[in-house]
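Asks: Structure below; questions to follow.
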Amino acid sequence: MSKAAFVDLVTADQPDAPAYFTYDAVLNTRERPTLDETLKRELNALSVEGVLELQVGGLQIVDTRDFNAFAAVHLKGSLNIPLGGSYAGTAGTLLDAETPIVLITDTGAEHESALRLGRVGFDQVIGYLEGGLAALNGRPDLLASTERLAAPLAAERLAAPLSVA
């Protein structure tokens, strides 16, 4: 088998590399702090007011809680990327590598959330919401919810004609 035929065989049906792979390749050519050093810098507990001030500046707020918990209630403007499953790969695909990140996590998951982002080169986490979503108790003006649909119901709704009220 020729080299070209072998490469074709091995790479058949492989998806394109995620966009963050190129970003990571460039990062790997530079001298950078260790991940432990980065995490010491990143794991800052932020108050609700601090997060809101940063949100005005255009940072990314990543809520790493389970998708059902996020759907029930979340901070307006936050993006849900659950910590389970392919968290880092999804984050690397959806997030802007140059824009700072604030995390909203279940209590105790701050370190793992930042660590897994750091492993794919997303080390611009500037902190996490201290106390998680519970810090927003008494602030319904800052909260939103999202309806979740099972696939069959979603398909049914998409197939139904639009009603104009």
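So you can find residues: chains in the structure tokens are A, B, ... in the order shown, residues in each start at 1, and ligands are numbered from 1 in order.
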Quick one: contact table of range 127-164 of chain A to range 44-56 of chain A, 12 Å max, nearest atom pair and distance in Å to one decimal per residue, counting only C-alpha atoms, chain and number order, as CSV?
Replies:
residue,atom,partner,partner_atom,distance
A:Gly127,CA,A:Asn44,CA,4.3
A:Tyr128,CA,A:Ala45,CA,5.3
A:Leu129,CA,A:Leu46,CA,5.0
A:Glu130,CA,A:Ala45,CA,4.9
A:Gly131,CA,A:Ala45,CA,8.5
A:Gly132,CA,A:Val48,CA,9.5
A:Leu133,CA,A:Val48,CA,9.5
A:Ala134,CA,A:Val48,CA,10.2
A:Ala135,CA,A:Val48,CA,6.7
A:Leu136,CA,A:Val48,CA,7.0
A:Asn137,CA,A:Val48,CA,10.4
A:Gly138,CA,A:Val48,CA,11.6
A:Arg139,CA,A:Val48,CA,9.8
A:Leu142,CA,A:Leu52,CA,9.4
Asks: Using only C-alpha atoms, pick whichever of A:Ser2, A:Gln14, A:Gln124, A:Asn80 has the shortest atom-to-atom distance to Thr105 in chain A.
Replies: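 That would be A:Asn80, the residue with the smallest distance to Thr105 in chain A.
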Asks: How would you write, as a PyMOL selection string, the set of residues in chain A that DSSP gives as strand (DSSP E)?
Replies: chain A and resi 45-46+60-63+74-75+79-80+101-104+125-129+143-144
Asks: Enter the distance from CA of Leu59 in chain A to CA of Lys40 in chain A, in Å, rounded to one decimal.
Replies: 19.8 Å
Asks: Please identify all polymer residues within 8 Å of His74 in chain A, counting only C-alpha atoms, omitting same-chain residues fewer than 6 positions from it, and present them as a list of chain:residue names.
Replies: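 Neighbouring residues, sequence-local ones excluded: A:Asp63, A:Leu133, A:Leu143, A:Ala144, A:Ser145.
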Asks: Phe122 in chain A: which residues within 10 Å, counting only C-alpha atoms, same-chain residues fewer than 6 positions away excluded, as a PyMOL selection string?
Replies: chain A and resi 20+23-24+88+91-92+95-101+114-116
Asks: Could you save the residues just selected, with all heavy atoms, as a CSV table (one decimal), in the first residue's frame?
Replies:
chain,number,residue,atom,x,y,z
A,20,TYR,N,-10.0,25.0,17.9
A,20,TYR,CA,-9.0,25.3,19.0
A,20,TYR,C,-7.7,24.5,18.8
A,20,TYR,O,-6.7,24.9,19.5
A,20,TYR,CB,-9.6,25.1,20.4
A,20,TYR,CG,-9.9,23.7,20.8
A,20,TYR,CD1,-8.9,22.9,21.4
A,20,TYR,CD2,-11.1,23.1,20.5
A,20,TYR,CE1,-9.1,21.6,21.8
A,20,TYR,CE2,-11.3,21.8,20.9
A,20,TYR,CZ,-10.3,21.0,21.5
A,20,TYR,OH,-10.6,19.7,21.9
A,23,TYR,N,-5.2,26.9,17.6
A,23,TYR,CA,-4.9,27.8,18.7
A,23,TYR,C,-3.9,27.1,19.7
A,23,TYR,O,-2.9,27.7,20.1
A,23,TYR,CB,-6.2,28.2,19.4
A,23,TYR,CG,-6.0,29.0,20.7
A,23,TYR,CD1,-5.6,30.4,20.6
A,23,TYR,CD2,-6.2,28.4,21.9
A,23,TYR,CE1,-5.5,31.1,21.8
A,23,TYR,CE2,-6.0,29.1,23.1
A,23,TYR,CZ,-5.6,30.5,23.0
A,23,TYR,OH,-5.5,31.2,24.2
A,24,ASP,N,-4.2,25.9,20.0
A,24,ASP,CA,-3.3,25.1,20.9
A,24,ASP,C,-1.9,24.9,20.3
A,24,ASP,O,-0.9,25.0,21.0
A,24,ASP,CB,-3.9,23.8,21.3
A,24,ASP,CG,-5.1,23.9,22.3
A,24,ASP,OD1,-5.3,25.0,22.8
A,24,ASP,OD2,-5.7,22.9,22.5
A,88,ALA,N,-14.3,19.9,27.8
A,88,ALA,CA,-13.2,20.7,27.3
A,88,ALA,C,-13.3,20.9,25.7
A,88,ALA,O,-13.0,22.0,25.2
A,88,ALA,CB,-11.8,20.1,27.6
A,91,ALA,N,-16.1,23.3,25.0
A,91,ALA,CA,-15.7,24.6,25.4
A,91,ALA,C,-14.7,25.2,24.3
A,91,ALA,O,-14.8,26.3,23.9
A,91,ALA,CB,-15.1,24.7,26.8
A,92,GLY,N,-13.8,24.3,23.9
A,92,GLY,CA,-12.8,24.8,22.9
A,92,GLY,C,-13.4,25.1,21.6
A,92,GLY,O,-12.9,25.9,20.9
A,95,LEU,N,-16.2,28.6,22.7
A,95,LEU,CA,-15.7,29.8,23.4
A,95,LEU,C,-14.6,30.5,22.5
A,95,LEU,O,-13.9,29.9,21.7
A,95,LEU,CB,-15.0,29.5,24.7
A,95,LEU,CG,-16.0,28.8,25.7
A,95,LEU,CD1,-15.2,28.5,27.0
A,95,LEU,CD2,-17.1,29.8,26.1
A,96,ASP,N,-14.5,31.8,22.7
A,96,ASP,CA,-13.5,32.6,22.1
A,96,ASP,C,-12.2,32.5,22.9
A,96,ASP,O,-12.2,32.8,24.1
A,96,ASP,CB,-13.9,34.0,22.0
A,96,ASP,CG,-12.8,34.9,21.4
A,96,ASP,OD1,-12.1,34.5,20.5
A,96,ASP,OD2,-12.7,36.1,21.8
A,97,ALA,N,-11.1,32.0,22.3
A,97,ALA,CA,-9.9,31.8,23.1
A,97,ALA,C,-9.3,33.1,23.7
A,97,ALA,O,-8.5,33.0,24.6
A,97,ALA,CB,-8.9,31.1,22.1
A,98,GLU,N,-9.6,34.2,23.1
A,98,GLU,CA,-9.0,35.5,23.6
A,98,GLU,C,-9.9,36.2,24.6
A,98,GLU,O,-9.4,37.2,25.2
A,98,GLU,CB,-8.8,36.4,22.4
A,98,GLU,CG,-7.9,35.7,21.3
A,98,GLU,CD,-6.5,35.4,21.8
A,98,GLU,OE1,-5.9,36.1,22.7
A,98,GLU,OE2,-6.0,34.3,21.4
A,99,THR,N,-11.1,35.8,24.9
A,99,THR,CA,-12.0,36.5,25.7
A,99,THR,C,-12.0,35.9,27.1
A,99,THR,O,-12.1,34.7,27.3
A,99,THR,CB,-13.4,36.5,25.2
A,99,THR,OG1,-13.4,37.1,23.8
A,99,THR,CG2,-14.4,37.3,26.0
A,100,PRO,N,-11.9,36.7,28.2
A,100,PRO,CA,-11.8,36.2,29.5
A,100,PRO,C,-13.1,35.4,29.9
A,100,PRO,O,-14.2,35.6,29.3
A,100,PRO,CB,-11.7,37.4,30.4
A,100,PRO,CG,-11.1,38.5,29.5
A,100,PRO,CD,-11.7,38.1,28.1
A,101,ILE,N,-13.0,34.5,30.8
A,101,ILE,CA,-14.0,33.6,31.2
A,101,ILE,C,-14.3,33.7,32.7
A,101,ILE,O,-13.3,33.7,33.5
A,101,ILE,CB,-13.7,32.1,30.9
A,101,ILE,CG1,-13.5,31.9,29.3
A,101,ILE,CG2,-14.7,31.1,31.4
A,101,ILE,CD1,-12.8,30.6,28.9
A,114,ALA,N,-11.8,24.8,35.7
A,114,ALA,CA,-10.7,25.6,35.2
A,114,ALA,C,-9.6,24.7,34.7
A,114,ALA,O,-9.0,25.0,33.6
A,114,ALA,CB,-10.2,26.5,36.3
A,115,LEU,N,-9.3,23.6,35.4
A,115,LEU,CA,-8.3,22.7,35.0
A,115,LEU,C,-8.5,22.1,33.6
A,115,LEU,O,-7.6,22.1,32.7
A,115,LEU,CB,-8.2,21.6,36.0
A,115,LEU,CG,-7.2,20.4,35.7
A,115,LEU,CD1,-5.8,20.9,35.7
A,115,LEU,CD2,-7.4,19.2,36.6
A,116,ARG,N,-9.7,21.6,33.4
A,116,ARG,CA,-10.1,21.0,32.1
A,116,ARG,C,-10.0,22.0,31.0
A,116,ARG,O,-9.7,21.7,29.8
A,116,ARG,CB,-11.4,20.3,32.2
A,116,ARG,CG,-11.2,19.0,33.1
A,116,ARG,CD,-12.5,18.3,33.3
A,116,ARG,NE,-13.0,17.8,32.0
A,116,ARG,CZ,-14.3,17.2,31.9
A,116,ARG,NH1,-15.0,17.1,33.0
A,116,ARG,NH2,-14.7,16.8,30.8
Asks: So how many Å separate CA of Ile61 in chain A and CA of Leu79 in chain A, to one decimal?
Replies: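 CA of Leu79 in chain A lies at a distance of 6.1 Å from CA of Ile61 in chain A.
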Asks: Pick out each residue of chain A that DSSP on the backbone tags as helix (DSSP H, G or I); I need them as a PyMOL selection string.
Replies: chain A and resi 3-11+19-27+35-42+48-56+67-72+87-94+110-118+132-136+140-142+151-159
Asks: Please identify all polymer residues within 12 Å of His111 in chain A, counting only C-alpha atoms, omitting same-chain residues fewer than 6 positions from it, and present them as a list in words.
Replies: Leu35, Asp36, Thr38, Leu39, Lys40, Arg41, Glu42, Leu43, Asn44, Ala45, Thr64, Leu83, Leu103, Ile104, Thr105, Leu117, Gly118, Val125, Gly127 and Tyr128 of chain A
Asks: Could you please take those selected residues and save N, CA, C and O atoms as a PDB file, in the first residue's frame?
Replies:
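Written output follows (out_14.pdb):
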ATOM      1  N   LEU A  35       0.375  24.786  34.237  1.00  0.00           N
ATOM      2  CA  LEU A  35      -1.058  24.780  34.509  1.00  0.00           C
ATOM      3  C   LEU A  35      -1.313  25.051  35.991  1.00  0.00           C
ATOM      4  O   LEU A  35      -2.258  25.760  36.338  1.00  0.00           O
ATOM      5  N   ASP A  36      -0.460  24.521  36.873  1.00  0.00           N
ATOM      6  CA  ASP A  36      -0.621  24.797  38.312  1.00  0.00           C
ATOM      7  C   ASP A  36      -0.488  26.290  38.602  1.00  0.00           C
ATOM      8  O   ASP A  36      -1.267  26.847  39.388  1.00  0.00           O
ATOM      9  N   THR A  38      -1.055  28.718  36.507  1.00  0.00           N
ATOM     10  CA  THR A  38      -2.222  29.361  35.906  1.00  0.00           C
ATOM     11  C   THR A  38      -3.445  29.206  36.806  1.00  0.00           C
ATOM     12  O   THR A  38      -4.198  30.157  37.021  1.00  0.00           O
ATOM     13  N   LEU A  39      -3.654  28.009  37.346  1.00  0.00           N
ATOM     14  CA  LEU A  39      -4.818  27.775  38.200  1.00  0.00           C
ATOM     15  C   LEU A  39      -4.757  28.630  39.466  1.00  0.00           C
ATOM     16  O   LEU A  39      -5.792  29.120  39.930  1.00  0.00           O
ATOM     17  N   LYS A  40      -3.581  28.827  40.024  1.00  0.00           N
ATOM     18  CA  LYS A  40      -3.449  29.693  41.205  1.00  0.00           C
ATOM     19  C   LYS A  40      -3.916  31.106  40.882  1.00  0.00           C
ATOM     20  O   LYS A  40      -4.526  31.775  41.696  1.00  0.00           O
ATOM     21  N   ARG A  41      -3.642  31.551  39.669  1.00  0.00           N
ATOM     22  CA  ARG A  41      -4.051  32.887  39.226  1.00  0.00           C
ATOM     23  C   ARG A  41      -5.542  32.941  38.918  1.00  0.00           C
ATOM     24  O   ARG A  41      -6.206  33.951  39.140  1.00  0.00           O
ATOM     25  N   GLU A  42      -6.092  31.851  38.419  1.00  0.00           N
ATOM     26  CA  GLU A  42      -7.457  31.857  37.905  1.00  0.00           C
ATOM     27  C   GLU A  42      -8.536  31.618  38.952  1.00  0.00           C
ATOM     28  O   GLU A  42      -9.662  32.060  38.777  1.00  0.00           O
ATOM     29  N   LEU A  43      -8.230  30.903  39.985  1.00  0.00           N
ATOM     30  CA  LEU A  43      -9.269  30.478  40.920  1.00  0.00           C
ATOM     31  C   LEU A  43      -9.573  31.562  41.948  1.00  0.00           C
ATOM     32  O   LEU A  43      -9.310  31.416  43.139  1.00  0.00           O
ATOM     33  N   ASN A  44     -10.159  32.630  41.466  1.00  0.00           N
ATOM     34  CA  ASN A  44     -10.556  33.765  42.294  1.00  0.00           C
ATOM     35  C   ASN A  44     -12.063  33.731  42.506  1.00  0.00           C
ATOM     36  O   ASN A  44     -12.818  33.698  41.550  1.00  0.00           O
ATOM     37  N   ALA A  45     -12.463  33.766  43.775  1.00  0.00           N
ATOM     38  CA  ALA A  45     -13.892  33.825  44.089  1.00  0.00           C
ATOM     39  C   ALA A  45     -14.377  35.242  43.806  1.00  0.00           C
ATOM     40  O   ALA A  45     -13.792  36.213  44.275  1.00  0.00           O
ATOM     41  N   THR A  64     -21.133  25.517  34.248  1.00  0.00           N
ATOM     42  CA  THR A  64     -20.737  24.128  34.029  1.00  0.00           C
ATOM     43  C   THR A  64     -21.668  23.119  34.699  1.00  0.00           C
ATOM     44  O   THR A  64     -21.380  21.934  34.711  1.00  0.00           O
ATOM     45  N   LEU A  83     -20.015  20.138  32.803  1.00  0.00           N
ATOM     46  CA  LEU A  83     -18.692  19.602  33.125  1.00  0.00           C
ATOM     47  C   LEU A  83     -18.558  18.140  32.744  1.00  0.00           C
ATOM     48  O   LEU A  83     -17.469  17.677  32.445  1.00  0.00           O
ATOM     49  N   LEU A 103     -16.520  31.418  35.561  1.00  0.00           N
ATOM     50  CA  LEU A 103     -17.210  30.146  35.705  1.00  0.00           C
ATOM     51  C   LEU A 103     -18.327  30.231  36.737  1.00  0.00           C
ATOM     52  O   LEU A 103     -18.181  30.898  37.760  1.00  0.00           O
ATOM     53  N   ILE A 104     -19.414  29.545  36.454  1.00  0.00           N
ATOM     54  CA  ILE A 104     -20.455  29.278  37.437  1.00  0.00           C
ATOM     55  C   ILE A 104     -20.513  27.763  37.531  1.00  0.00           C
ATOM     56  O   ILE A 104     -20.757  27.083  36.526  1.00  0.00           O
ATOM     57  N   THR A 105     -20.231  27.248  38.724  1.00  0.00           N
ATOM     58  CA  THR A 105     -20.140  25.799  38.895  1.00  0.00           C
ATOM     59  C   THR A 105     -20.942  25.348  40.102  1.00  0.00           C
ATOM     60  O   THR A 105     -21.358  26.161  40.926  1.00  0.00           O
ATOM     61  N   LEU A 117     -10.387  23.289  31.251  1.00  0.00           N
ATOM     62  CA  LEU A 117     -10.241  24.333  30.225  1.00  0.00           C
ATOM     63  C   LEU A 117      -8.757  24.584  29.934  1.00  0.00           C
ATOM     64  O   LEU A 117      -8.358  24.740  28.785  1.00  0.00           O
ATOM     65  N   GLY A 118      -7.967  24.636  30.999  1.00  0.00           N
ATOM     66  CA  GLY A 118      -6.536  24.875  30.837  1.00  0.00           C
ATOM     67  C   GLY A 118      -5.845  23.806  30.022  1.00  0.00           C
ATOM     68  O   GLY A 118      -4.885  24.081  29.296  1.00  0.00           O
ATOM     69  N   VAL A 125      -9.345  32.105  32.393  1.00  0.00           N
ATOM     70  CA  VAL A 125     -10.396  32.161  33.414  1.00  0.00           C
ATOM     71  C   VAL A 125      -9.969  33.220  34.425  1.00  0.00           C
ATOM     72  O   VAL A 125      -8.819  33.213  34.888  1.00  0.00           O
ATOM     73  N   GLY A 127     -11.979  33.944  37.159  1.00  0.00           N
ATOM     74  CA  GLY A 127     -12.572  33.630  38.445  1.00  0.00           C
ATOM     75  C   GLY A 127     -13.852  32.848  38.297  1.00  0.00           C
ATOM     76  O   GLY A 127     -14.222  32.425  37.206  1.00  0.00           O
ATOM     77  N   TYR A 128     -14.509  32.658  39.447  1.00  0.00           N
ATOM     78  CA  TYR A 128     -15.770  31.921  39.476  1.00  0.00           C
ATOM     79  C   TYR A 128     -16.719  32.627  40.432  1.00  0.00           C
ATOM     80  O   TYR A 128     -16.293  33.351  41.339  1.00  0.00           O
TER      81      TYR A 128
END
